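Asker: Next up, entry_38.cif (mmCIF, C-alpha atoms and all ligand atoms).
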```cif
data_coords
loop_
_atom_site.label_atom_id
_atom_site.label_comp_id
_atom_site.auth_asym_id
_atom_site.auth_seq_id
_atom_site.Cartn_x
_atom_site.Cartn_y
_atom_site.Cartn_z
CA MET A 1 19.44 18.98 65.32
CA LYS A 2 21.05 22.30 66.31
CA ASN A 3 19.15 25.57 66.42
CA ILE A 4 20.43 28.19 63.99
CA ILE A 5 18.63 30.85 66.02
CA GLU A 6 16.47 30.88 69.11
CA THR A 7 15.01 33.43 71.45
CA LYS A 8 14.54 33.16 75.17
CA GLN A 9 11.74 35.11 76.82
CA LEU A 10 12.11 37.98 74.38
CA THR A 11 10.14 41.07 75.31
CA LYS A 12 9.78 44.29 73.33
CA ALA A 13 7.83 47.40 74.26
CA PHE A 14 7.41 50.72 72.52
CA LYS A 15 6.89 53.44 75.13
CA HIS A 16 4.41 51.74 77.46
CA GLU A 17 2.94 49.31 74.98
CA THR A 18 4.24 45.74 75.16
CA ILE A 19 4.44 44.36 71.63
CA LEU A 20 6.17 41.06 72.35
CA GLU A 21 6.06 39.27 75.68
CA ASN A 22 8.36 36.40 76.70
CA VAL A 23 8.63 35.01 73.18
CA SER A 24 10.81 31.89 72.91
CA ILE A 25 11.18 30.49 69.39
CA HIS A 26 13.47 27.68 68.25
CA VAL A 27 14.56 27.53 64.61
CA GLN A 28 16.39 24.35 63.68
CA GLU A 29 19.19 24.35 61.13
CA HIS A 30 18.25 23.54 57.53
CA THR A 31 14.54 23.85 58.11
CA ILE A 32 11.79 26.35 57.33
CA TYR A 33 10.14 28.00 60.32
CA GLY A 34 6.74 29.52 59.63
CA LEU A 35 5.79 32.38 61.92
CA LEU A 36 2.05 32.64 61.69
CA GLY A 37 -0.07 35.38 63.19
CA PRO A 38 -2.86 37.81 62.41
CA ASN A 39 -2.11 41.41 61.42
CA GLY A 40 -0.49 43.30 64.24
CA ALA A 41 0.53 40.14 66.14
CA GLY A 42 4.14 41.31 66.34
CA LYS A 43 5.69 39.20 63.56
CA SER A 44 7.67 42.01 61.90
CA THR A 45 8.78 43.29 65.30
CA LEU A 46 10.16 39.84 66.17
CA LEU A 47 11.98 39.60 62.82
CA LYS A 48 13.44 43.08 63.36
CA LEU A 49 14.79 41.96 66.73
CA LEU A 50 16.46 38.97 65.04
CA THR A 51 18.14 41.29 62.53
CA GLY A 52 19.25 43.88 65.08
CA VAL A 53 16.94 46.64 63.81
CA PHE A 54 15.32 46.79 67.26
CA LYS A 55 16.78 45.97 70.65
CA ALA A 56 14.81 43.84 73.08
CA ASN A 57 13.78 45.21 76.47
CA ALA A 58 14.30 41.79 78.02
CA GLY A 59 15.26 38.27 77.02
CA GLN A 60 18.00 36.93 74.80
CA ILE A 61 18.66 35.86 71.23
CA TYR A 62 21.06 33.00 70.52
CA TYR A 63 22.59 32.51 67.09
CA GLN A 64 24.14 29.09 66.58
CA GLU A 65 23.84 28.53 70.31
CA ALA A 66 25.88 31.59 71.33
CA PRO A 67 24.54 35.02 72.37
CA TRP A 68 23.59 37.03 69.26
CA GLN A 69 26.18 39.58 68.13
CA SER A 70 25.96 42.10 65.30
CA LYS A 71 28.72 40.23 63.44
CA ASN A 72 26.21 37.39 62.98
CA LEU A 73 24.48 39.63 60.44
CA LYS A 74 27.20 38.61 57.96
CA GLU A 75 25.48 35.22 57.91
CA ILE A 76 21.90 36.49 57.91
CA GLY A 77 19.96 37.65 54.85
CA ALA A 78 16.66 39.44 55.33
CA MET A 79 13.73 40.94 53.49
CA ILE A 80 11.51 42.76 55.95
CA GLU A 81 8.57 44.95 54.94
CA GLY A 82 9.13 44.45 51.23
CA PRO A 83 12.19 44.42 48.99
CA ALA A 84 14.47 47.48 49.23
CA ILE A 85 14.97 47.98 45.52
CA TYR A 86 15.82 50.94 43.31
CA PRO A 87 12.87 51.10 40.88
CA ASN A 88 14.83 52.72 38.04
CA LEU A 89 17.59 50.12 37.99
CA THR A 90 17.55 46.64 36.44
CA ALA A 91 17.78 43.52 38.57
CA ARG A 92 21.48 43.20 37.78
CA GLU A 93 22.14 46.88 38.58
CA ASN A 94 20.26 46.65 41.87
CA LEU A 95 22.42 43.69 42.86
CA LYS A 96 25.57 45.45 41.70
CA VAL A 97 24.89 48.40 43.99
CA LEU A 98 24.48 46.11 46.96
CA ALA A 99 27.45 43.90 46.02
CA THR A 100 29.66 46.99 45.84
CA LEU A 101 28.41 48.20 49.22
CA LEU A 102 28.97 44.80 50.85
CA ASN A 103 32.23 44.16 49.02
CA ILE A 104 30.90 41.00 47.41
CA HIS A 105 32.50 39.48 44.29
CA PRO A 106 30.47 40.33 41.12
CA ASP A 107 30.30 36.61 40.16
CA LYS A 108 27.84 36.17 42.99
CA ILE A 109 25.35 38.44 41.16
CA GLU A 110 24.87 35.97 38.30
CA GLN A 111 24.56 33.12 40.77
CA VAL A 112 21.73 34.72 42.76
CA LEU A 113 19.97 35.91 39.58
CA GLN A 114 19.99 32.28 38.45
CA THR A 115 18.67 31.08 41.81
CA VAL A 116 15.65 33.39 41.73
CA ASP A 117 15.13 32.95 37.97
CA LEU A 118 15.70 36.60 36.99
CA LYS A 119 18.70 36.00 34.74
CA ASN A 120 16.84 36.93 31.58
CA THR A 121 15.29 40.22 32.61
CA GLY A 122 17.91 42.19 30.65
CA ASN A 123 17.30 45.94 30.50
CA LYS A 124 13.92 45.87 32.19
CA ILE A 125 13.94 48.20 35.16
CA ALA A 126 12.52 47.01 38.47
CA ARG A 127 9.64 49.51 38.29
CA HIS A 128 8.22 47.39 35.45
CA PHE A 129 8.61 44.07 37.26
CA SER A 130 5.60 42.07 38.42
CA LEU A 131 5.17 41.89 42.18
CA GLY A 132 6.49 38.31 42.13
CA MET A 133 9.63 39.43 40.27
CA LYS A 134 10.15 42.23 42.80
CA GLN A 135 9.86 39.76 45.66
CA ARG A 136 12.33 37.44 43.95
CA LEU A 137 14.74 40.34 43.43
CA GLY A 138 14.40 41.13 47.14
CA ILE A 139 15.27 37.52 47.94
CA ALA A 140 18.24 37.66 45.53
CA MET A 141 19.48 40.70 47.45
CA ALA A 142 19.08 38.84 50.73
CA LEU A 143 21.04 35.89 49.27
CA LEU A 144 23.96 37.99 48.10
CA ASN A 145 26.00 37.54 51.28
CA ASP A 146 25.61 33.72 51.19
CA PRO A 147 23.47 33.62 54.31
CA LYS A 148 23.06 30.62 56.55
CA LEU A 149 19.76 32.09 57.74
CA LEU A 150 17.23 33.82 55.53
CA ILE A 151 14.50 35.93 57.16
CA LEU A 152 11.50 36.73 54.99
CA ASP A 153 8.63 38.91 56.20
CA GLU A 154 5.37 38.03 54.43
CA PRO A 155 7.17 37.09 51.18
CA THR A 156 4.01 36.01 49.36
CA ASN A 157 1.95 39.06 50.30
CA GLY A 158 -0.07 40.31 47.33
CA LEU A 159 1.11 37.64 44.89
CA ASP A 160 -1.23 35.75 42.56
CA PRO A 161 -1.49 31.94 42.92
CA LEU A 162 1.23 31.30 40.30
CA GLY A 163 3.59 33.81 41.93
CA ILE A 164 2.91 32.19 45.30
CA GLN A 165 3.67 28.73 43.94
CA GLU A 166 6.91 29.88 42.27
CA LEU A 167 8.07 31.55 45.45
CA ARG A 168 7.09 28.54 47.54
CA GLU A 169 9.18 26.25 45.35
CA LEU A 170 12.12 28.65 45.56
CA ILE A 171 11.92 28.92 49.35
CA ARG A 172 11.49 25.14 49.71
CA SER A 173 14.78 24.64 47.83
CA PHE A 174 16.81 26.60 50.41
CA PRO A 175 17.20 24.04 53.25
CA ASP A 176 18.90 21.60 50.84
CA GLN A 177 21.36 24.37 49.99
CA GLY A 178 22.23 24.71 53.66
CA ILE A 179 20.05 27.79 54.20
CA SER A 180 17.63 27.86 57.12
CA VAL A 181 14.56 30.04 56.65
CA ILE A 182 12.19 31.97 58.89
CA LEU A 183 9.17 33.33 57.11
CA SER A 184 6.20 35.16 58.49
CA SER A 185 2.68 35.10 57.16
CA HIS A 186 -0.85 35.79 58.23
CA ILE A 187 -2.08 33.19 55.74
CA LEU A 188 -2.51 29.84 57.36
CA SER A 189 -2.45 27.74 54.17
CA GLU A 190 0.82 29.35 53.13
CA VAL A 191 2.60 28.36 56.31
CA GLN A 192 0.95 24.97 56.36
CA GLN A 193 2.28 24.18 52.87
CA ILE A 194 5.85 25.32 53.34
CA ALA A 195 6.99 25.17 56.94
CA ASP A 196 8.69 22.35 58.83
CA THR A 197 7.91 24.03 62.14
CA VAL A 198 5.11 26.44 62.93
CA GLY A 199 5.04 29.16 65.56
CA ILE A 200 1.78 30.98 66.16
CA LEU A 201 2.05 34.52 67.47
CA HIS A 202 -0.94 36.42 68.75
CA ASN A 203 -1.01 39.68 70.67
CA GLY A 204 2.74 39.47 71.17
CA GLN A 205 2.73 36.00 72.68
CA LEU A 206 3.78 32.70 71.15
CA GLY A 207 0.69 30.56 71.61
CA TYR A 208 2.08 27.48 69.91
CA GLU A 209 5.28 26.05 68.48
CA ASP A 210 5.66 22.57 67.06
CA LYS A 211 6.45 20.50 63.99
CA ASN A 212 4.04 21.12 61.14
CA ASP A 213 2.04 17.96 60.70
CA LYS A 214 0.87 19.26 57.33
CA GLN A 215 -2.82 18.80 58.10
CA GLU A 216 -4.54 22.07 57.37
CA ALA A 217 -7.62 21.35 59.48
CA HIS A 218 -5.44 20.72 62.52
CA LEU A 219 -3.46 23.93 62.06
CA GLU A 220 -6.59 25.95 61.39
CA LYS A 221 -8.19 24.73 64.62
CA LEU A 222 -5.03 25.56 66.57
CA PHE A 223 -4.82 29.01 65.00
CA MET A 224 -8.48 29.78 65.70
CA ASP A 225 -8.21 28.48 69.28
CA ILE A 226 -5.20 30.68 69.97
CA VAL A 227 -6.65 33.79 68.35
CA LYS A 228 -10.03 33.32 70.03
CA ARG A 229 -8.57 32.57 73.46
CA GLU A 230 -7.84 36.28 73.85
CA GLY A 231 -11.47 37.35 73.57
CA GLU A 232 -12.77 35.01 76.27
N1 LIG A 301 8.35 51.46 65.72
C1 LIG A 301 7.19 51.25 66.35
N2 LIG A 301 6.73 52.10 67.27
C2 LIG A 301 5.56 51.87 67.92
N3 LIG A 301 4.77 50.78 67.70
C3 LIG A 301 5.18 49.91 66.78
C4 LIG A 301 6.42 50.08 66.05
N4 LIG A 301 6.55 49.02 65.22
C5 LIG A 301 5.46 48.24 65.40
N5 LIG A 301 4.66 48.77 66.34
C6 LIG A 301 3.38 48.18 66.82
O1 LIG A 301 3.60 46.83 67.14
C7 LIG A 301 2.45 46.04 66.85
C8 LIG A 301 2.87 44.83 66.07
O2 LIG A 301 3.30 45.26 64.77
P1 LIG A 301 4.05 44.29 63.77
O3 LIG A 301 4.30 45.07 62.52
O4 LIG A 301 5.21 43.65 64.43
O5 LIG A 301 2.93 43.18 63.51
P2 LIG A 301 2.80 42.11 62.37
O6 LIG A 301 2.39 40.84 63.03
O7 LIG A 301 4.03 42.07 61.54
O8 LIG A 301 1.58 42.66 61.54
P3 LIG A 301 1.29 42.71 59.96
O9 LIG A 301 0.93 41.31 59.57
O10 LIG A 301 0.13 43.64 59.91
O11 LIG A 301 2.52 43.23 59.29
C9 LIG A 301 1.48 46.96 66.14
O12 LIG A 301 0.49 47.36 67.08
C10 LIG A 301 2.32 48.13 65.72
O13 LIG A 301 1.57 49.31 65.70
#
```
Any chance you could put this one into structure tokens?
Answerer:
Amino acid sequence: MKNIIETKQLTKAFKHETILENVSIHVQEHTIYGLLGPNGAGKSTLLKLLTGVFKANAGQIYYQEAPWQSKNLKEIGAMIEGPAIYPNLTARENLKVLATLLNIHPDKIEQVLQTVDLKNTGNKIARHFSLGMKQRLGIAMALLNDPKLLILDEPTNGLDPLGIQELRELIRSFPDQGISVILSSHILSEVQQIADTVGILHNGQLGYEDKNDKQEAHLEKLFMDIVKREGE
């Protein structure tokens, strides 16, 4: 299977602090890649490199097996550090603003509202949405440009169990629609339940990357081994 995106020895430093060091991840097409790591591991920084927000100090990013270019962003949807929504607008209005900015046909708005199950929110403004609804609106915004790759930073953060389950089902439906997903989380069980491949990031280094064998105990041991290794 082809990689939709991969990094080779990616390194990022802010001033003199190295945040990511020689990180090589491989995200296969039509799969979900779970980027697992404790707080401060560098997950958001890595996702920002993949979306061109930050530039790497060293290493390369390949999108569909060619060096990453900013034009690839047309095929990438992202929600990093929470959904960028206007709180006083409805779901439909939020999407309309973005569709106008990106020159996207208005028909697409109804389609993404349907996908994230926000079609019936009518005149309710986003300020009054539950956290789960806000996350789903953020995902709808990321889907507006018909991405081949969806990048979601801690999408289930702060959600209750029902919200988490709804979002998990939504995200799990994407590979069958031809959308590859990278999601980050610091919650092991989340990644274990959703991802096809798991990458474990700790202190800016990728300590592990492999198929998710779906056994929580196995992943937990790996995670603890990698996180503890540092302190020895
Ligand atoms: N713009 C920046 N300038 C300086 N340091 C930064 C910047 N962005 C992130 N960092 C530092 O990089 C480190 C990794 O942060 P990052 O947000 O990537 O981690 P994370 O794994 O996403 O953590 P969390 O789960 O807490 O969101 C932190 O020490 C953070 O302070």
Asker: Could you list the protein, DNA and RNA residues that have any atom within 12 Å of ligand LIG 301 (chain A), counting only C-alpha atoms and all ligand atoms, and write them as a compact mmCIF listing (two decimals) with C-alpha atoms, in the frame of the given file?
Answerer:
```txt
# COMPACT_ATOMS: atom_id res chain seq x y z
CA THR A 11 10.14 41.07 75.31
CA LYS A 12 9.78 44.29 73.33
CA ALA A 13 7.83 47.40 74.26
CA PHE A 14 7.41 50.72 72.52
CA LYS A 15 6.89 53.44 75.13
CA HIS A 16 4.41 51.74 77.46
CA GLU A 17 2.94 49.31 74.98
CA THR A 18 4.24 45.74 75.16
CA ILE A 19 4.44 44.36 71.63
CA LEU A 20 6.17 41.06 72.35
CA GLU A 21 6.06 39.27 75.68
CA LEU A 35 5.79 32.38 61.92
CA LEU A 36 2.05 32.64 61.69
CA GLY A 37 -0.07 35.38 63.19
CA PRO A 38 -2.86 37.81 62.41
CA ASN A 39 -2.11 41.41 61.42
CA GLY A 40 -0.49 43.30 64.24
CA ALA A 41 0.53 40.14 66.14
CA GLY A 42 4.14 41.31 66.34
CA LYS A 43 5.69 39.20 63.56
CA SER A 44 7.67 42.01 61.90
CA THR A 45 8.78 43.29 65.30
CA LEU A 46 10.16 39.84 66.17
CA LEU A 47 11.98 39.60 62.82
CA LYS A 48 13.44 43.08 63.36
CA LEU A 49 14.79 41.96 66.73
CA VAL A 53 16.94 46.64 63.81
CA PHE A 54 15.32 46.79 67.26
CA LYS A 55 16.78 45.97 70.65
CA ILE A 80 11.51 42.76 55.95
CA GLU A 81 8.57 44.95 54.94
CA GLY A 82 9.13 44.45 51.23
CA LEU A 152 11.50 36.73 54.99
CA ASP A 153 8.63 38.91 56.20
CA GLU A 154 5.37 38.03 54.43
CA PRO A 155 7.17 37.09 51.18
CA THR A 156 4.01 36.01 49.36
CA ASN A 157 1.95 39.06 50.30
CA LEU A 183 9.17 33.33 57.11
CA SER A 184 6.20 35.16 58.49
CA SER A 185 2.68 35.10 57.16
CA HIS A 186 -0.85 35.79 58.23
CA ILE A 187 -2.08 33.19 55.74
CA ILE A 200 1.78 30.98 66.16
CA LEU A 201 2.05 34.52 67.47
CA HIS A 202 -0.94 36.42 68.75
CA ASN A 203 -1.01 39.68 70.67
CA GLY A 204 2.74 39.47 71.17
CA GLN A 205 2.73 36.00 72.68
CA LEU A 206 3.78 32.70 71.15
```
Asker: Closest to Ala195 of chain A among A:Pro83, A:Gly158, A:Gly163, A:Pro175, using all atoms listed in the file?
Answerer: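 Going through A:Pro83, A:Gly158, A:Gly163, A:Pro175 one by one, the smallest distance to Ala195 of chain A is for A:Pro175.
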Asker: Between atom CA of Gly199 of chain A and atom CA of Asp146 of chain A, measure the distance and give it in Å to one decimal.
Answerer: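 Value for the atom CA of Gly199 of chain A-atom CA of Asp146 of chain A distance: 25.5 Å.
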Asker: I'd like the neighbourhood of Leu73 of chain A as a ChimeraX atom specification, where a residue qualifies if any of its atoms comes within 10 Å (using only C-alpha atoms), though same-chain residues fewer than 5 positions away should be ignored.
Answerer: /A:50-52,63,68,78,145,147-149
Asker: For those residues, write C-alpha atoms to a file as a tab-separated table (two decimals), in the coordinates of the input.
Answerer:
```tsv
chain	number	residue	atom	x	y	z
A	50	LEU	CA	16.46	38.97	65.04
A	51	THR	CA	18.14	41.29	62.53
A	52	GLY	CA	19.25	43.88	65.08
A	63	TYR	CA	22.59	32.51	67.09
A	68	TRP	CA	23.59	37.03	69.26
A	78	ALA	CA	16.66	39.44	55.33
A	145	ASN	CA	26.00	37.54	51.28
A	147	PRO	CA	23.47	33.62	54.31
A	148	LYS	CA	23.06	30.62	56.55
A	149	LEU	CA	19.76	32.09	57.74
```
Asker: One decimal, Å: what's the distance from atom CA of Tyr62 of chain A over to atom CA of Ala142 of chain A, could you say?
Answerer: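 Between atom CA of Tyr62 of chain A and atom CA of Ala142 of chain A the gap works out to 20.7 Å.
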Asker: Write out as a PyMOL selection string which residues come within 9 Å of Arg168 of chain A when counting all atoms listed in the file, dropping same-chain ones fewer than 3 positions away.
Answerer: chain A and resi 156+163-165+171-173+190+193-194
Asker: Which residue is closest to Lys124 of chain A? Choose from A:His105, A:Asn94, A:Met141, A:Ala99 and count all atoms listed in the file.
Answerer: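 Among the listed residues, the smallest separation from Lys124 of chain A belongs to A:Asn94.
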Asker: Skipping near chain neighbours, those fewer than 2 positions away, what residues fall within 12 Å of Leu137 of chain A using only C-alpha atoms, listed as a PyMOL selection string?
Answerer: chain A and resi 79+82-87+89-95+98+109+112-119+121+125-127+129-135+139-144+155+167
Asker: Quick check, in Å to one decimal: how far apart do atom CA of Tyr33 of chain A and atom CA of Asn57 of chain A lie?
Answerer: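 Distance between the two atoms: 23.9 Å.
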Asker: Find the residues around Val198 of chain A up to 9 Å (all atoms listed in the file counted), leave out those fewer than 6 positions away in its own chain, and share them as a list in words.
Answerer: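 That gives Ile32, Tyr33, Gly34, Leu35, Leu36, Val191, Gln192, Tyr208, Glu209, Asp210, Lys211, Asn212 and Leu219 of chain A.
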Asker: Take every atom of segment 62-78 of chain A listed in the file, fit an axis-aligned box around them, add 4 Å per side, and give the centre and edge lengths in Å to one decimal as lines of an AutoDock Vina configuration file.
Answerer:
```
center_x = 22.7
center_y = 35.3
center_z = 63.6
size_x = 20.1
size_y = 21.6
size_z = 25.5
```
Asker: Between A:Lys228, A:Lys2, A:Lys221, A:His30, which one has atoms that come closest to Asp176 of chain A, using only C-alpha atoms?
Answerer: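 Using only C-alpha atoms, Asp176 of chain A sits closest to A:His30.
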Asker: Can you list, as a list in words, every protein, DNA or RNA residue that comes within 6 Å of segment 25-27 of chain A when you count all atoms listed in the file, leaving out same-chain residues fewer than 5 positions away?
Answerer: Asn3, Ile4, Ile5, Glu6 and Thr7 of chain A
Asker: Restricting the calculation to all atoms listed in the file, which member of A:Ile104, A:Ser70, A:Asp196, A:Glu75 is positioned closest to Asp213 of chain A?
Answerer: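 Distance minimum relative to Asp213 of chain A lands on A:Asp196.
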Asker: Rebuild N, CA and C atoms on segment 125-154 of chain A, as a short mmCIF file (atom, residue, chain, number, x, y, z; two decimals), in the coordinates of the input?
Answerer:
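Written output follows (result03.cif):
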```
data_model
loop_
_atom_site.label_atom_id
_atom_site.label_comp_id
_atom_site.auth_asym_id
_atom_site.auth_seq_id
_atom_site.Cartn_x
_atom_site.Cartn_y
_atom_site.Cartn_z
N ILE A 125 13.68 47.62 33.83
CA ILE A 125 13.94 48.20 35.16
C ILE A 125 12.91 47.66 36.16
N ALA A 126 13.31 47.68 37.42
CA ALA A 126 12.52 47.01 38.47
C ALA A 126 11.11 47.59 38.59
N ARG A 127 10.96 48.85 38.24
CA ARG A 127 9.64 49.51 38.29
C ARG A 127 8.62 48.71 37.44
N HIS A 128 9.11 48.11 36.36
CA HIS A 128 8.22 47.39 35.45
C HIS A 128 8.13 45.89 35.75
N PHE A 129 8.70 45.48 36.87
CA PHE A 129 8.61 44.07 37.26
C PHE A 129 7.22 43.77 37.83
N SER A 130 6.81 42.50 37.71
CA SER A 130 5.60 42.07 38.42
C SER A 130 5.96 42.02 39.91
N LEU A 131 4.92 41.94 40.74
CA LEU A 131 5.17 41.89 42.18
C LEU A 131 6.01 40.66 42.55
N GLY A 132 5.73 39.55 41.87
CA GLY A 132 6.49 38.31 42.13
C GLY A 132 7.97 38.49 41.79
N MET A 133 8.23 39.18 40.66
CA MET A 133 9.63 39.43 40.27
C MET A 133 10.31 40.34 41.30
N LYS A 134 9.57 41.33 41.78
CA LYS A 134 10.15 42.23 42.80
C LYS A 134 10.50 41.46 44.07
N GLN A 135 9.58 40.56 44.46
CA GLN A 135 9.86 39.76 45.66
C GLN A 135 11.09 38.89 45.44
N ARG A 136 11.18 38.31 44.23
CA ARG A 136 12.33 37.44 43.95
C ARG A 136 13.63 38.24 43.90
N LEU A 137 13.54 39.48 43.41
CA LEU A 137 14.74 40.34 43.43
C LEU A 137 15.13 40.64 44.88
N GLY A 138 14.12 40.90 45.72
CA GLY A 138 14.40 41.13 47.14
C GLY A 138 15.08 39.93 47.77
N ILE A 139 14.64 38.74 47.39
CA ILE A 139 15.27 37.52 47.94
C ILE A 139 16.69 37.38 47.39
N ALA A 140 16.88 37.71 46.11
CA ALA A 140 18.24 37.66 45.53
C ALA A 140 19.17 38.59 46.32
N MET A 141 18.66 39.76 46.68
CA MET A 141 19.48 40.70 47.45
C MET A 141 19.83 40.12 48.82
N ALA A 142 18.85 39.44 49.41
CA ALA A 142 19.08 38.84 50.73
C ALA A 142 20.05 37.65 50.65
N LEU A 143 20.16 37.06 49.44
CA LEU A 143 21.04 35.89 49.27
C LEU A 143 22.48 36.27 48.93
N LEU A 144 22.67 37.54 48.63
CA LEU A 144 23.96 37.99 48.10
C LEU A 144 25.14 37.71 49.04
N ASN A 145 24.88 37.78 50.34
CA ASN A 145 26.00 37.54 51.28
C ASN A 145 26.10 36.07 51.70
N ASP A 146 25.53 35.16 50.89
CA ASP A 146 25.61 33.72 51.19
C ASP A 146 25.12 33.41 52.59
N PRO A 147 23.90 33.79 52.92
CA PRO A 147 23.47 33.62 54.31
C PRO A 147 23.25 32.17 54.71
N LYS A 148 23.42 31.93 56.01
CA LYS A 148 23.06 30.62 56.55
C LYS A 148 21.60 30.66 57.01
N LEU A 149 21.14 31.90 57.28
CA LEU A 149 19.76 32.09 57.74
C LEU A 149 19.12 33.19 56.89
N LEU A 150 17.96 32.87 56.36
CA LEU A 150 17.23 33.82 55.53
C LEU A 150 15.93 34.18 56.25
N ILE A 151 15.69 35.48 56.43
CA ILE A 151 14.50 35.93 57.16
C ILE A 151 13.60 36.68 56.19
N LEU A 152 12.40 36.16 55.99
CA LEU A 152 11.50 36.73 54.99
C LEU A 152 10.17 37.11 55.65
N ASP A 153 9.86 38.40 55.59
CA ASP A 153 8.63 38.91 56.20
C ASP A 153 7.52 38.93 55.15
N GLU A 154 6.52 38.11 55.34
CA GLU A 154 5.37 38.03 54.43
C GLU A 154 5.80 38.01 52.96
#
```
